[in-house]
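Peer 1: The structure that follows is given in the form of structure tokens.
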Amino acid sequence: MAEPKPVAFLGSSLIDLRSFPFSARRDAGYQLDRVQNGQEPDDWKPMNTVGQGVKEIRIRDSAGAFRIIYVAKFADAIYVLHCFQKKTEKTSKNDLELAAKRYSELLKEKSL
């Protein structure tokens, strides 16, 4: 069996994830573990508006809706671009822009 890919948190995404309520944080860890082992998360959708290959893990919890935007297409690691609590039906422009900014910085780093 292949080694699980490490998870790299960009910007404040790890701090943001740690601010989730315990049950949402535990579910987030489980879902990221699935991705590390080459599986799909239980509930996800592609986030092509952020970048090619970017996906969003959707977590529904008694405390609300939580999201983890990540990219797993690189061989070296799974990169978590952004973690946040979703307050409205539509993902906020700020959340999408922040994830896109971190993704473009990652691509620049990869092309060096």
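Labels for the structure tokens follow display order: chains A, B, ..., residues from 1 in each chain, ligands from 1.
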Run DSSP on the backbone and grab whatever in stretch 60-112 of chain A lands in helix (DSSP H, G or I); send it over as a list in words.
Peer 2: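 Taking stretch 60-112 of chain A and keeping helix (DSSP H, G or I) only, one gets Lys93, Asn94, Asp95, Leu96, Glu97, Leu98, Ala99, Ala100, Lys101, Arg102, Tyr103, Ser104, Glu105, Leu106, Leu107, Lys108, Glu109 and Lys110 of chain A.
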Peer 1: With C-alpha atoms retained, export the selected residues as a compact mmCIF listing (two decimals), in the first residue's frame.
Peer 2:
```txt
# COMPACT_ATOMS: atom_id res chain seq x y z
CA LYS A 93 -16.19 36.03 -2.43
CA ASN A 94 -13.54 36.63 0.26
CA ASP A 95 -13.23 32.90 0.99
CA LEU A 96 -12.92 32.07 -2.72
CA GLU A 97 -10.40 34.86 -3.34
CA LEU A 98 -8.25 33.81 -0.39
CA ALA A 99 -8.18 30.17 -1.56
CA ALA A 100 -7.38 31.29 -5.14
CA LYS A 101 -4.56 33.57 -3.93
CA ARG A 102 -2.97 30.74 -1.91
CA TYR A 103 -3.39 28.39 -4.88
CA SER A 104 -1.66 30.78 -7.30
CA GLU A 105 1.19 31.27 -4.78
CA LEU A 106 1.53 27.49 -4.55
CA LEU A 107 1.69 27.17 -8.35
CA LYS A 108 4.42 29.84 -8.49
CA GLU A 109 6.39 27.97 -5.86
CA LYS A 110 5.97 24.69 -7.78
```
Peer 1: Would you list the contacts of A:Ala63 as a list in words, taking every protein, DNA or RNA residue within 10 Å and counting only C-alpha atoms, but skipping same-chain residues closer than 4 positions in sequence?
Peer 2: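 Neighbouring residues, sequence-local ones excluded: Phe20, Pro21, Phe22, Ser23, Ala24 and Gln85 of chain A.
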Peer 1: Please identify all polymer residues within 8 Å of stretch 52-58 of chain A, counting only C-alpha atoms, omitting same-chain residues fewer than 4 positions from it, and present them as a list in words.
Peer 2: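 The filter keeps Gln31, Pro41, Asp43, Trp44, Lys45, Pro46, Met47, Asn48, Ala65, Phe66, Arg67, Ile68, Ile69, Tyr70, Val71, Ala72 and Lys73 of chain A.
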Peer 1: One number please: atom CA of A:Asp42 to atom CA of A:Arg60, in Å, one decimal.
Peer 2: 11.2 Å
Peer 1: Kindly indicate which residue among A:Ser62, A:Lys5, A:Tyr79, A:Thr91 lies nearest to A:Thr49, using only C-alpha atoms for the distances.
Peer 2: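 With only C-alpha atoms as the atom set, the closest residue is A:Thr91.
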Peer 1: Could you jot down the atom CA of A:Gly64 to atom CA of A:Asp27 separation for me, Å, one decimal place?
Peer 2: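 So the two atoms, atom CA of A:Gly64 and atom CA of A:Asp27, lie 12.9 Å apart.
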Peer 1: Mind giving me the straight-line distance from atom CA of A:Ala77 to atom CA of A:Ile59 in Å, one decimal?
Peer 2: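 For atom CA of A:Ala77 relative to atom CA of A:Ile59, the distance reads 21.7 Å.
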Peer 1: Go through A:Val50, A:Asp61, A:Phe74, A:Arg34 one by one, measure the shortest atom-to-atom distance of each to A:Ala8 using only C-alpha atoms, and give the residue with the smallest value.
Peer 2: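 Of A:Val50, A:Asp61, A:Phe74, A:Arg34, the one nearest A:Ala8, counting only C-alpha atoms, is A:Phe74.
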Peer 1: Among chain A, which ones does DSSP place in strand (DSSP E), written as a PyMOL selection string?
Peer 2: chain A and resi 7-9+44-46+54-61+64-71+78-86
